[in-house]
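Shown here: data-v1.cif, mmCIF, C-alpha atoms.
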```
data_my_file
#
loop_
_atom_site.label_atom_id
_atom_site.label_comp_id
_atom_site.auth_asym_id
_atom_site.auth_seq_id
_atom_site.Cartn_x
_atom_site.Cartn_y
_atom_site.Cartn_z
CA MET A 1 -13.67 -24.36 39.26
CA LYS A 2 -13.90 -27.29 36.82
CA LYS A 3 -13.91 -25.03 33.79
CA ASP A 4 -10.82 -23.22 35.03
CA TRP A 5 -8.88 -26.47 35.46
CA LYS A 6 -9.97 -27.77 32.05
CA SER A 7 -8.50 -24.70 30.41
CA ARG A 8 -5.25 -25.11 32.32
CA ILE A 9 -4.98 -28.80 31.30
CA SER A 10 -5.62 -27.87 27.69
CA ARG A 11 -2.80 -25.33 27.75
CA GLY A 12 -0.54 -27.87 29.48
CA ALA A 13 -1.13 -30.47 26.76
CA CYS A 14 0.86 -28.36 24.35
CA CYS A 15 3.87 -28.75 26.61
CA GLY A 16 3.78 -32.51 26.96
CA GLY A 17 2.12 -35.43 28.67
CA VAL A 18 4.07 -34.97 31.88
CA VAL A 19 2.35 -31.67 32.51
CA ILE A 20 -1.05 -33.22 31.77
CA CYS A 21 -0.46 -36.02 34.25
CA ALA A 22 0.79 -33.67 36.93
CA LEU A 23 -2.14 -31.31 36.59
CA ALA A 24 -4.67 -34.14 36.39
CA ALA A 25 -3.26 -35.64 39.57
CA PHE A 26 -3.54 -32.28 41.31
CA VAL A 27 -7.15 -31.88 40.18
CA ILE A 28 -8.06 -35.30 41.55
CA TRP A 29 -6.32 -34.51 44.84
CA SER A 30 -7.99 -31.09 45.04
CA TRP A 31 -11.49 -32.43 44.35
CA GLY A 32 -10.96 -35.13 46.92
CA LYS A 33 -10.07 -32.71 49.73
CA PRO A 34 -12.47 -32.42 52.65
CA ALA A 35 -14.71 -29.34 52.53
CA SER A 36 -13.07 -28.02 55.70
CA GLN A 37 -9.76 -27.71 53.82
CA GLU A 38 -11.18 -25.75 50.89
CA LEU A 39 -10.86 -21.98 50.76
CA GLN A 40 -13.84 -20.34 52.39
CA PRO A 41 -15.38 -17.20 50.84
CA GLN A 42 -14.39 -14.00 52.60
CA ALA A 43 -16.72 -11.11 53.35
CA PHE A 44 -15.84 -7.48 54.00
CA PRO A 45 -17.45 -6.34 57.29
CA GLU A 46 -20.79 -4.62 56.66
CA PRO A 47 -23.27 -3.09 59.13
CA LYS A 48 -25.71 -5.76 60.26
CA ILE A 49 -28.50 -3.32 61.10
CA PRO A 50 -30.83 -1.19 58.93
CA PHE A 51 -29.62 2.21 57.75
CA VAL A 52 -31.56 4.53 60.06
CA PRO A 53 -29.08 6.97 61.66
CA PRO A 54 -30.53 9.18 64.41
CA SER A 55 -30.87 12.93 63.91
CA TYR A 56 -30.57 16.01 66.12
CA ILE A 57 -31.46 19.68 65.74
CA CYS A 58 -28.63 21.81 67.12
CA TYR A 59 -29.97 25.18 68.27
CA ARG A 60 -28.00 28.30 68.99
CA ALA A 61 -26.77 29.31 72.44
CA PRO A 62 -27.97 32.83 73.33
CA GLN A 63 -24.54 33.74 74.71
CA PRO A 64 -21.15 32.05 75.12
CA LEU A 65 -21.22 29.20 77.60
CA THR A 66 -18.98 28.80 80.63
CA VAL A 67 -17.27 25.47 80.14
CA ASP A 68 -17.04 23.82 83.55
CA GLY A 69 -18.46 20.35 82.88
CA LYS A 70 -21.70 20.92 84.84
CA LEU A 71 -24.25 21.56 82.04
CA ASP A 72 -26.32 23.69 84.41
CA GLU A 73 -26.66 26.91 82.39
CA PRO A 74 -30.15 27.90 81.14
CA ALA A 75 -29.19 27.27 77.49
CA TRP A 76 -28.21 23.67 78.29
CA LYS A 77 -31.46 23.09 80.13
CA LYS A 78 -33.36 24.16 77.02
CA ALA A 79 -31.37 21.89 74.69
CA ALA A 80 -32.80 18.42 74.12
CA TRP A 81 -30.94 15.26 75.02
CA THR A 82 -30.13 12.72 72.37
CA GLU A 83 -31.66 9.30 72.63
CA LEU A 84 -30.05 7.11 75.27
CA PHE A 85 -26.94 5.43 73.95
CA VAL A 86 -27.20 1.84 72.73
CA ASP A 87 -24.67 -0.90 72.10
CA ILE A 88 -22.49 -0.23 69.06
CA GLU A 89 -24.09 -3.26 67.37
CA GLY A 90 -27.54 -1.79 67.96
CA SER A 91 -30.46 -4.12 68.54
CA LEU A 92 -28.19 -7.12 68.06
CA LYS A 93 -26.97 -6.70 71.64
CA PRO A 94 -28.59 -5.96 75.04
CA LYS A 95 -29.14 -2.41 76.26
CA PRO A 96 -26.22 -0.81 78.11
CA ARG A 97 -25.95 -1.28 81.88
CA PHE A 98 -25.69 2.48 82.49
CA LYS A 99 -27.42 5.44 80.89
CA THR A 100 -25.59 7.88 78.61
CA SER A 101 -26.90 10.78 76.55
CA ALA A 102 -25.59 13.97 74.95
CA LYS A 103 -26.79 17.37 73.80
CA MET A 104 -25.45 20.07 71.48
CA LEU A 105 -25.54 23.84 70.97
CA TRP A 106 -23.66 26.29 68.77
CA ASP A 107 -22.83 29.95 68.26
CA ASP A 108 -20.57 31.93 65.96
CA GLU A 109 -17.41 30.74 67.70
CA TYR A 110 -17.99 27.24 69.02
CA PHE A 111 -19.69 23.88 68.60
CA TYR A 112 -20.76 22.93 72.13
CA ILE A 113 -21.16 19.32 73.24
CA GLY A 114 -22.37 18.12 76.60
CA ALA A 115 -22.75 14.56 77.83
CA GLU A 116 -23.85 12.84 81.02
CA LEU A 117 -22.65 9.34 81.89
CA GLU A 118 -24.27 7.33 84.66
CA GLU A 119 -21.47 5.63 86.60
CA PRO A 120 -21.37 3.95 90.05
CA ASP A 121 -17.56 3.65 89.97
CA ILE A 122 -15.77 6.68 88.56
CA TRP A 123 -12.14 5.85 87.80
CA ALA A 124 -9.31 6.86 85.49
CA THR A 125 -5.57 6.23 85.13
CA LEU A 126 -4.25 8.25 82.17
CA THR A 127 -3.01 11.80 82.73
CA ALA A 128 -0.76 12.50 79.71
CA ARG A 129 -2.38 14.30 76.79
CA ASP A 130 -2.78 12.17 73.65
CA SER A 131 -2.56 8.93 75.59
CA ILE A 132 -4.70 6.13 74.15
CA ILE A 133 -7.66 7.16 76.27
CA PHE A 134 -9.93 4.22 75.47
CA TYR A 135 -7.73 2.09 77.73
CA ASP A 136 -9.77 3.88 80.44
CA ASN A 137 -13.51 4.40 80.55
CA ASP A 138 -14.04 7.38 78.29
CA PHE A 139 -16.35 9.63 76.27
CA GLU A 140 -15.63 10.06 72.56
CA VAL A 141 -16.70 12.54 69.88
CA PHE A 142 -16.54 11.93 66.11
CA ILE A 143 -17.28 14.66 63.54
CA ASP A 144 -17.41 14.29 59.74
CA PRO A 145 -18.20 17.79 58.42
CA SER A 146 -18.49 16.87 54.73
CA GLY A 147 -20.29 13.53 55.06
CA SER A 148 -17.75 11.97 52.71
CA THR A 149 -16.36 9.58 55.40
CA HIS A 150 -12.93 11.15 54.82
CA LEU A 151 -11.22 13.88 56.83
CA TYR A 152 -12.99 13.59 60.16
CA TYR A 153 -12.18 14.40 63.76
CA GLU A 154 -11.98 12.31 66.90
CA LEU A 155 -11.77 13.43 70.53
CA GLU A 156 -11.60 11.18 73.60
CA MET A 157 -11.69 12.16 77.28
CA ASN A 158 -11.54 10.18 80.51
CA ALA A 159 -12.84 11.09 83.98
CA PHE A 160 -9.64 13.04 84.69
CA GLY A 161 -10.39 15.21 81.68
CA THR A 162 -7.30 13.93 79.86
CA GLU A 163 -7.69 14.55 76.13
CA TRP A 164 -6.72 12.68 72.99
CA ASP A 165 -7.59 14.48 69.76
CA LEU A 166 -6.72 13.28 66.29
CA LEU A 167 -7.58 13.68 62.62
CA LEU A 168 -8.47 10.74 60.37
CA THR A 169 -7.72 11.30 56.69
CA LYS A 170 -9.88 8.26 55.93
CA PRO A 171 -11.19 5.29 57.96
CA TYR A 172 -8.70 2.62 58.99
CA ARG A 173 -10.54 0.12 56.75
CA ASP A 174 -9.44 2.23 53.77
CA GLY A 175 -5.84 2.60 54.87
CA GLY A 176 -6.26 6.01 56.44
CA PRO A 177 -3.65 6.96 59.01
CA ALA A 178 -4.57 8.80 62.19
CA VAL A 179 -2.79 12.15 62.49
CA HIS A 180 -1.97 12.17 66.20
CA ALA A 181 -0.05 15.46 66.02
CA TRP A 182 -3.22 17.32 65.04
CA ASP A 183 -4.80 19.34 67.86
CA ILE A 184 -8.12 21.15 68.30
CA GLN A 185 -6.37 24.38 69.19
CA GLY A 186 -8.47 26.72 71.30
CA MET A 187 -10.78 23.94 72.49
CA LYS A 188 -12.28 24.20 75.95
CA ALA A 189 -13.17 20.95 77.70
CA LYS A 190 -13.98 20.09 81.31
CA VAL A 191 -15.23 17.09 83.29
CA PHE A 192 -17.43 17.19 86.38
CA GLY A 193 -17.89 14.17 88.62
CA ASP A 194 -20.81 13.53 90.93
CA GLY A 195 -18.62 11.43 93.19
CA THR A 196 -14.89 10.94 93.66
CA VAL A 197 -12.49 9.59 91.07
CA ASN A 198 -10.59 6.45 92.09
CA GLN A 199 -12.14 6.11 95.53
CA PRO A 200 -13.87 2.75 95.92
CA GLY A 201 -16.54 2.59 98.56
CA ASP A 202 -17.91 6.11 98.17
CA LYS A 203 -21.14 6.89 96.36
CA ASP A 204 -20.61 7.81 92.69
CA THR A 205 -23.58 8.47 90.45
CA ARG A 206 -22.35 10.04 87.21
CA TRP A 207 -19.78 12.17 85.45
CA SER A 208 -20.40 14.78 82.80
CA VAL A 209 -18.40 16.32 79.99
CA GLU A 210 -18.65 19.81 78.49
CA ILE A 211 -16.76 20.72 75.32
CA ALA A 212 -16.46 23.86 73.18
CA MET A 213 -14.77 23.20 69.82
CA PRO A 214 -13.86 26.33 67.82
CA TRP A 215 -15.15 26.58 64.27
CA LYS A 216 -11.85 28.10 63.18
CA ILE A 217 -10.38 24.60 63.60
CA LEU A 218 -13.39 22.45 62.67
CA LYS A 219 -13.80 24.26 59.35
CA GLU A 220 -10.45 22.87 58.17
CA CYS A 221 -12.13 19.71 56.83
CA VAL A 222 -15.13 21.47 55.32
CA PRO A 223 -14.86 21.68 51.49
CA GLU A 224 -15.74 25.40 51.59
CA LYS A 225 -13.49 25.98 54.64
CA LYS A 226 -16.24 27.67 56.60
CA PRO A 227 -18.45 26.95 59.65
CA PRO A 228 -21.92 25.52 59.05
CA LEU A 229 -24.81 27.70 57.98
CA PRO A 230 -28.36 27.28 59.33
CA GLY A 231 -29.82 24.19 57.67
CA ASP A 232 -26.47 22.53 57.06
CA GLN A 233 -26.05 18.95 58.25
CA TRP A 234 -22.88 17.32 59.59
CA ARG A 235 -22.34 13.65 60.46
CA VAL A 236 -21.59 13.18 64.17
CA ASN A 237 -21.34 10.33 66.62
CA PHE A 238 -20.60 9.86 70.30
CA SER A 239 -19.19 6.78 71.93
CA ARG A 240 -18.62 5.61 75.47
CA VAL A 241 -16.06 2.93 76.35
CA GLU A 242 -16.93 1.10 79.57
CA TYR A 243 -14.97 -1.67 81.32
CA ARG A 244 -16.20 -3.93 84.09
CA VAL A 245 -14.19 -3.21 87.24
CA GLU A 246 -13.70 -4.68 90.69
CA VAL A 247 -11.81 -3.55 93.80
CA LYS A 248 -8.41 -5.14 94.48
CA ASP A 249 -6.13 -3.96 97.28
CA GLY A 250 -8.30 -0.89 97.70
CA LYS A 251 -8.06 0.13 94.05
CA TYR A 252 -10.19 -0.29 90.94
CA ALA A 253 -9.02 -2.97 88.53
CA LYS A 254 -10.48 -4.26 85.28
CA VAL A 255 -12.24 -7.59 85.67
CA ALA A 256 -10.15 -10.31 84.06
CA ASP A 257 -11.23 -13.31 82.03
CA PRO A 258 -10.41 -16.37 84.18
CA ALA A 259 -9.42 -18.34 81.09
CA THR A 260 -6.85 -15.83 79.79
CA GLY A 261 -6.05 -13.53 82.69
CA LYS A 262 -6.61 -10.57 80.38
CA PRO A 263 -9.25 -7.87 80.98
CA LEU A 264 -12.70 -8.64 79.66
CA PRO A 265 -13.54 -6.83 76.41
CA GLU A 266 -14.87 -3.34 76.93
CA ASP A 267 -18.44 -2.32 76.15
CA ASN A 268 -18.95 0.23 73.39
CA TRP A 269 -22.09 2.34 73.81
CA VAL A 270 -22.96 4.92 71.17
CA TRP A 271 -25.54 7.44 70.02
CA ALA A 272 -25.63 6.06 66.45
CA PRO A 273 -24.95 2.31 66.24
CA THR A 274 -22.82 1.08 63.36
CA GLY A 275 -24.03 -2.52 63.40
CA LEU A 276 -20.59 -3.98 64.05
CA ILE A 277 -17.82 -3.44 66.61
CA ASN A 278 -16.14 -0.62 64.73
CA ILE A 279 -16.96 3.04 65.29
CA HIS A 280 -15.08 4.05 62.14
CA TYR A 281 -18.02 3.59 59.79
CA PRO A 282 -18.91 7.30 59.37
CA GLU A 283 -21.73 6.47 56.94
CA MET A 284 -23.68 5.14 59.96
CA TRP A 285 -23.19 8.18 62.22
CA GLY A 286 -26.01 10.51 63.19
CA TYR A 287 -27.14 13.66 61.40
CA VAL A 288 -26.78 17.02 63.17
CA GLN A 289 -28.78 19.82 61.54
CA PHE A 290 -27.85 23.35 62.59
CA SER A 291 -30.67 25.77 63.33
CA GLU A 292 -30.65 29.57 63.34
CA GLN A 293 -33.12 29.59 66.23
CA VAL A 294 -32.05 30.06 69.82
CA ALA A 295 -32.59 27.07 72.08
CA GLY A 296 -36.03 27.26 73.68
CA GLU A 297 -37.28 30.06 71.40
CA GLY A 298 -38.42 28.08 68.38
CA LYS A 299 -38.50 24.68 66.81
CA ASP A 300 -37.16 23.33 63.54
CA THR A 301 -37.86 20.03 61.79
CA PHE A 302 -35.14 17.70 60.66
CA ILE A 303 -35.27 17.05 56.91
CA LEU A 304 -33.39 14.05 55.54
CA ARG A 305 -32.02 15.01 52.16
CA PRO A 306 -32.78 12.75 49.17
CA GLU A 307 -29.08 12.57 48.36
CA GLU A 308 -28.50 10.43 51.44
CA GLU A 309 -30.36 7.52 49.85
CA ALA A 310 -28.17 7.89 46.77
CA LYS A 311 -25.00 7.88 48.88
CA TRP A 312 -26.21 4.81 50.75
CA ALA A 313 -26.86 2.97 47.47
CA LEU A 314 -23.32 3.77 46.38
CA ARG A 315 -22.09 2.50 49.73
CA GLN A 316 -23.62 -0.89 48.93
CA VAL A 317 -21.43 -1.02 45.85
CA TYR A 318 -18.43 -0.18 48.02
CA TYR A 319 -19.08 -3.03 50.47
CA LYS A 320 -19.58 -5.58 47.70
CA GLU A 321 -16.55 -4.44 45.71
CA LYS A 322 -14.45 -4.92 48.84
CA THR A 323 -15.78 -8.45 49.21
CA HIS A 324 -15.30 -9.18 45.51
CA PHE A 325 -11.66 -8.14 45.69
CA LEU A 326 -11.04 -10.28 48.78
CA ASN A 327 -12.25 -13.35 46.91
CA HIS A 328 -11.13 -12.69 43.33
CA GLY A 329 -8.32 -10.13 43.47
CA THR A 330 -10.23 -7.95 40.99
CA TYR A 331 -13.10 -5.47 40.97
CA ALA A 332 -16.41 -6.09 39.23
CA ASP A 333 -17.86 -3.68 36.66
CA ARG A 334 -21.44 -5.00 36.83
CA LEU A 335 -23.93 -4.84 39.68
CA ALA A 336 -25.02 -8.39 38.88
CA ASP A 337 -21.52 -9.68 39.59
CA LEU A 338 -21.76 -8.07 43.01
CA GLY A 339 -25.15 -9.61 43.75
CA LEU A 340 -26.83 -6.21 43.92
CA GLY A 341 -29.47 -6.58 41.19
CA GLU A 342 -30.84 -3.31 39.86
CA LEU A 343 -30.20 -1.21 43.01
CA ARG A 344 -32.67 1.48 41.91
CA VAL A 345 -32.90 4.81 43.76
CA GLU A 346 -35.97 7.04 43.46
CA GLY A 347 -35.20 10.20 41.51
CA TYR A 348 -32.26 8.65 39.67
CA SER A 349 -32.65 7.46 36.11
CA ARG A 350 -30.32 4.48 36.23
CA PRO A 351 -28.69 2.23 38.83
CA PRO A 352 -25.11 3.06 39.81
CA GLN A 353 -22.68 2.80 36.92
CA ILE A 354 -19.33 1.19 37.73
CA ARG A 355 -15.99 1.91 36.14
CA THR A 356 -13.00 -0.29 36.94
CA THR A 357 -9.28 -0.50 36.37
CA TRP A 358 -6.84 -3.11 37.55
CA LYS A 359 -6.38 -1.49 40.97
CA GLN A 360 -9.22 1.00 41.30
CA TRP A 361 -12.92 1.48 40.73
CA GLU A 362 -15.62 4.13 41.07
CA ALA A 363 -19.40 4.13 40.87
CA LEU A 364 -21.57 7.00 39.65
CA LEU A 365 -25.23 7.83 40.20
CA GLU A 366 -26.94 10.62 38.27
CA SER A 367 -30.31 12.19 39.00
CA GLU A 368 -33.09 12.05 36.42
CA ASP A 369 -32.77 15.77 35.66
CA GLY A 370 -29.00 15.49 35.31
CA LYS A 371 -28.38 18.18 37.94
CA GLU A 372 -27.09 15.87 40.67
CA ARG A 373 -24.27 13.40 40.27
CA PHE A 374 -22.75 11.42 43.12
CA ARG A 375 -19.63 9.30 43.10
CA ILE A 376 -17.97 6.77 45.38
CA THR A 377 -14.36 5.70 44.92
CA HIS A 378 -12.38 2.57 45.70
CA ASP A 379 -11.14 4.09 48.98
CA GLY A 380 -14.64 4.88 50.22
CA TRP A 381 -14.90 8.61 49.59
CA VAL A 382 -18.45 9.58 48.59
CA GLY A 383 -19.87 12.91 47.48
CA ARG A 384 -20.91 15.09 44.59
CA ASN A 385 -18.97 14.45 41.45
#
```
Let's see the structure in the file written out as structure tokens.
Amino acid sequence: MKKDWKSRISRGACCGGVVICALAAFVIWSWGKPASQELQPQAFPEPKIPFVPPSYICYRAPQPLTVDGKLDEPAWKKAAWTELFVDIEGSLKPKPRFKTSAKMLWDDEYFYIGAELEEPDIWATLTARDSIIFYDNDFEVFIDPSGSTHLYYELEMNAFGTEWDLLLTKPYRDGGPAVHAWDIQGMKAKVFGDGTVNQPGDKDTRWSVEIAMPWKILKECVPEKKPPLPGDQWRVNFSRVEYRVEVKDGKYAKVADPATGKPLPEDNWVWAPTGLINIHYPEMWGYVQFSEQVAGEGKDTFILRPEEEAKWALRQVYYKEKTHFLNHGTYADRLADLGLGELRVEGYSRPPQIRTTWKQWEALLESEDGKERFRITHDGWVGRN
């Protein structure tokens, strides 16, 4: 700060003593300001939990499933449940009040998703397709086929079975718009409630969701434009939005904050926590590995690919470049300027190499044998170069 102002005063001296006096007065005033009035450093939001996304082996269904929301077919009973959902911030917050878990299957035509949500008060209000469903309690699906964090799908459903499906060209943090007109054509989705929707006083225990998404639509965002092959891995997450409710005039109503009169913030419970209250961090979503074996007839082992560590190292550059730009209006071309040190990755000969322009940047990471090269760009896309 002092060096910067010295250089400005020096340049001003060439223009006359009035400029020197004015600048000197401003410097004295600026240095004398209370700390609370000085500009505070800004930080781009980063996950505040370790990078350990959950994984799931998705086995094949022996025959097409009847989508009725009940999850009672033999194939579903042989499919494993995911871990119980946790708060979106992970271990930073308490465990959810109600249990939620999901399971997956696949065949040549569909990606099947089932979920069970413990719920003592089943309610819903929205009935029009493509309403903003998270204004109700809901179940949400997120699918990133390429693992690039760009071009991914979102589906939300409430206890009525009302659907909202959309396509994200890139996360909102990177300026990506949501394509609301996009539909998962040919999708089958049903909800089953163990209880009665919108009837306070009866005994509700849970509601479940069953979804069949056709590969002919999901393959649109796959680089090769094809369904997964056995062994392929896609990034997937599930989320549950849950509001606290009470009964007013015989109807469910969201509990309000006495201080504001507005509904209390919703809870966000997920399979793969992102470490902050934002589900649109696809790099933190879970891994789904597709198996050629039929559910219950064999067992595969999940294998985390070495490239994921490389992509995560590049993601650290992305977070820090975002922060650097917030504070300086420019991008840095050295890891040291980002506070990242060497940032070494096993199997890669050098740390990430950064290239910058006035408005853009990219970082590259090359394997020791030169056969693998990964890149991340200023708008967050990451993948093979």
Closest atom pairs, residues of region 177-275 of chain A within 9 Å of region 124-145 of chain A, all atoms listed in the file, as a Markdown table:
```
| residue | atom | partner | partner_atom | distance |
| --- | --- | --- | --- | --- |
| A:His180 | CA | A:Asp130 | CA | 7.5 |
| A:Ala181 | CA | A:Asp130 | CA | 8.7 |
| A:Val197 | CA | A:Ala124 | CA | 7.0 |
| A:Asn198 | CA | A:Ala124 | CA | 6.7 |
| A:Val209 | CA | A:Phe139 | CA | 7.9 |
| A:Leu218 | CA | A:Pro145 | CA | 7.9 |
| A:Lys219 | CA | A:Pro145 | CA | 7.9 |
| A:Cys221 | CA | A:Pro145 | CA | 6.6 |
| A:Val222 | CA | A:Pro145 | CA | 5.7 |
| A:Pro223 | CA | A:Pro145 | CA | 8.6 |
| A:Pro228 | CA | A:Pro145 | CA | 8.6 |
| A:Gln233 | CA | A:Pro145 | CA | 7.9 |
| A:Trp234 | CA | A:Pro145 | CA | 4.8 |
| A:Arg235 | CA | A:Asp144 | CA | 5.0 |
| A:Val236 | CA | A:Ile143 | CA | 4.6 |
| A:Asn237 | CA | A:Phe142 | CA | 5.1 |
| A:Phe238 | CA | A:Val141 | CA | 4.8 |
| A:Ser239 | CA | A:Glu140 | CA | 4.9 |
| A:Arg240 | CA | A:Phe139 | CA | 4.7 |
| A:Val241 | CA | A:Asn137 | CA | 5.1 |
| A:Glu242 | CA | A:Asn137 | CA | 4.9 |
| A:Tyr243 | CA | A:Asn137 | CA | 6.3 |
| A:Glu266 | CA | A:Asn137 | CA | 8.7 |
```
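In this comparison, which uses all atoms listed in the file, the residue of A:Asn278, A:Thr205, A:Asn268, A:Thr330 approaching Tyr172 (chain A) most closely is A:Asn278.
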Item to check | Residues matched by the PyMOL selection byres ((chain A and resi 369) around 12), written as a list in words | outcome: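 That selection, the PyMOL selection byres ((chain A and resi 369) around 12), comes back as Gly347, Tyr348, Ser349, Arg350, Leu365, Glu366, Ser367, Glu368, Gly370, Lys371, Glu372 and Arg373 of chain A.
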Checklist entry - With distances taken over all atoms listed in the file, which of A:Arg173, A:Arg315, A:Lys322, A:Arg334 is nearest to Arg375 (chain A)? => result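 Among A:Arg173, A:Arg315, A:Lys322, A:Arg334, it is A:Arg315 that comes nearest to Arg375 (chain A).
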Next on the checklist: Can you measure CA of Glu220 (chain A) to CA of Lys170 (chain A) for me? One decimal in Å is fine.
Outcome noted: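 Those two atoms sit 14.8 Å apart.
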Next on the checklist: the PyMOL selection byres ((chain A and resi 343) around 10) - which residues does that actually catch in the file I just gave you? List them as a list in words.
Outcome noted: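 So the PyMOL selection byres ((chain A and resi 343) around 10), applied here, picks out Ala313, Leu314, Gln316, Val317, Leu335, Ala336, Gly339, Leu340, Gly341, Glu342, Arg344, Val345, Arg350, Pro351 and Pro352 of chain A.
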Next on the checklist: Quick check on the file I pasted: which residues fall under the PyMOL selection byres ((chain A and resi 304) around 12)? Write them as a ChimeraX atom specification.
Outcome noted: /A:52-57,231-234,286-289,301-303,305-310
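With distances restricted to only C-alpha atoms, A:Ala79 is the closest residue to Ala295 (chain A) from A:Ala115, A:Ile49, A:Ala79, A:Leu65.
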Could you list, with a cut-off of 10 Å and counting all atoms listed in the file, the residues of region 245-271 of chain A near region 91-96 of chain A, each shown with its nearest atom pair and the distance in Å rounded to one decimal, rows sorted by chain and ascending number, as a Markdown table?
```
| residue | atom | partner | partner_atom | distance |
| --- | --- | --- | --- | --- |
| A:Asp267 | CA | A:Pro96 | CA | 8.2 |
| A:Asn268 | CA | A:Pro96 | CA | 8.7 |
| A:Trp269 | CA | A:Pro96 | CA | 6.7 |
| A:Val270 | CA | A:Pro96 | CA | 9.6 |
```
Specify the axis-aligned box that encloses all atoms of region 306-312 of chain A listed in the file after padding of 5 Å on each side, stating its centre and edge lengths in Å to one decimal as AutoDock Vina command-line options.
```
--center_x -28.9 --center_y 8.8 --center_z 49.1 --size_x 17.8 --size_y 17.9 --size_z 14.7
```
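Distance-wise, CA of Leu166 (chain A) and CA of Trp182 (chain A) end up 5.5 Å apart.
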Item to check | Surrounding residues of Gly201 (chain A) excluding itself and chain neighbours under 5 positions, 12 Å, all atoms listed in the file, as a ChimeraX atom specification | outcome: /A:120-122,195-196,246-248,250-252
Per-residue nearest contacts region 275-384 of chain A to region 73-76 of chain A, cut-off 12 Å, using only C-alpha atoms, as a Markdown table:
```
| residue | atom | partner | partner_atom | distance |
| --- | --- | --- | --- | --- |
| A:Val294 | CA | A:Ala75 | CA | 8.6 |
| A:Ala295 | CA | A:Ala75 | CA | 6.4 |
| A:Gly296 | CA | A:Ala75 | CA | 7.8 |
| A:Glu297 | CA | A:Ala75 | CA | 10.5 |
```
Checklist entry - Given the choices A:Ser148, A:Pro263, A:Val191, A:Pro64, which gets closest to Thr162 (chain A) if the distance is worked out from only C-alpha atoms? => result A:Val191
Next on the checklist: As an exercise, work out the distance from CA of Pro62 (chain A) to CA of Phe290 (chain A) in Å and give it to one decimal place.
Outcome noted: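 Interatomic distance, CA of Pro62 (chain A) to CA of Phe290 (chain A): 14.3 Å.
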Next on the checklist: I'd like the neighbourhood of region 106-114 of chain A as a list of chain:residue names, where a residue qualifies if any of its atoms comes within 9 Å (using all atoms listed in the file), though same-chain residues fewer than 4 positions away should be ignored.
Outcome noted: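 Listed by chain and then number, they are A:Cys58, A:Tyr59, A:Arg60, A:Ala61, A:Pro62, A:Gln63, A:Pro64, A:Leu65, A:Gly69, A:Lys70, A:Leu71, A:Trp76, A:Ser101, A:Ala102, A:Val141, A:Met187, A:Ser208, A:Val209, A:Glu210, A:Ile211, A:Ala212, A:Met213, A:Pro214, A:Trp215, A:Lys216, A:Leu218, A:Pro227, A:Phe290, A:Ser291.
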Print the selection's residues with C-alpha atoms to a file, as an mmCIF file, in the frame of the given file.
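So result.cif came out as:
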```cif
data_model
loop_
_atom_site.group_PDB
_atom_site.id
_atom_site.type_symbol
_atom_site.label_atom_id
_atom_site.label_comp_id
_atom_site.auth_asym_id
_atom_site.auth_seq_id
_atom_site.Cartn_x
_atom_site.Cartn_y
_atom_site.Cartn_z
ATOM 1 C CA CYS A 58 -28.630 21.810 67.120
ATOM 2 C CA TYR A 59 -29.970 25.180 68.270
ATOM 3 C CA ARG A 60 -28.000 28.300 68.990
ATOM 4 C CA ALA A 61 -26.770 29.310 72.440
ATOM 5 C CA PRO A 62 -27.970 32.830 73.330
ATOM 6 C CA GLN A 63 -24.540 33.740 74.710
ATOM 7 C CA PRO A 64 -21.150 32.050 75.120
ATOM 8 C CA LEU A 65 -21.220 29.200 77.600
ATOM 9 C CA GLY A 69 -18.460 20.350 82.880
ATOM 10 C CA LYS A 70 -21.700 20.920 84.840
ATOM 11 C CA LEU A 71 -24.250 21.560 82.040
ATOM 12 C CA TRP A 76 -28.210 23.670 78.290
ATOM 13 C CA SER A 101 -26.900 10.780 76.550
ATOM 14 C CA ALA A 102 -25.590 13.970 74.950
ATOM 15 C CA VAL A 141 -16.700 12.540 69.880
ATOM 16 C CA MET A 187 -10.780 23.940 72.490
ATOM 17 C CA SER A 208 -20.400 14.780 82.800
ATOM 18 C CA VAL A 209 -18.400 16.320 79.990
ATOM 19 C CA GLU A 210 -18.650 19.810 78.490
ATOM 20 C CA ILE A 211 -16.760 20.720 75.320
ATOM 21 C CA ALA A 212 -16.460 23.860 73.180
ATOM 22 C CA MET A 213 -14.770 23.200 69.820
ATOM 23 C CA PRO A 214 -13.860 26.330 67.820
ATOM 24 C CA TRP A 215 -15.150 26.580 64.270
ATOM 25 C CA LYS A 216 -11.850 28.100 63.180
ATOM 26 C CA LEU A 218 -13.390 22.450 62.670
ATOM 27 C CA PRO A 227 -18.450 26.950 59.650
ATOM 28 C CA PHE A 290 -27.850 23.350 62.590
ATOM 29 C CA SER A 291 -30.670 25.770 63.330
#
```
Item to check | Near-Ile184 (chain A) list (7 Å; only C-alpha atoms; drop same-chain fewer than 2 positions) as an MDAnalysis selection string | outcome: chainID A and resid 165 186:187 217
Checklist entry - What lies within 8 Å of Val179 (chain A) using all atoms listed in the file, ignoring chain neighbours under 5 positions off, as an NGL selection string? => result :A and (166-169)
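You can rank A:Gly193, A:Gln42, A:Leu84, A:Glu224 by their closest distance to Phe98 (chain A) using only C-alpha atoms, and at the top of that list sits A:Leu84.
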Checklist entry - Using all atoms listed in the file, which residue out of A:Ile277, A:Ile354, A:Thr323, A:Gly147 lies closest to Arg384 (chain A)? => result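 Of A:Ile277, A:Ile354, A:Thr323, A:Gly147, the one nearest Arg384 (chain A), counting all atoms listed in the file, is A:Gly147.
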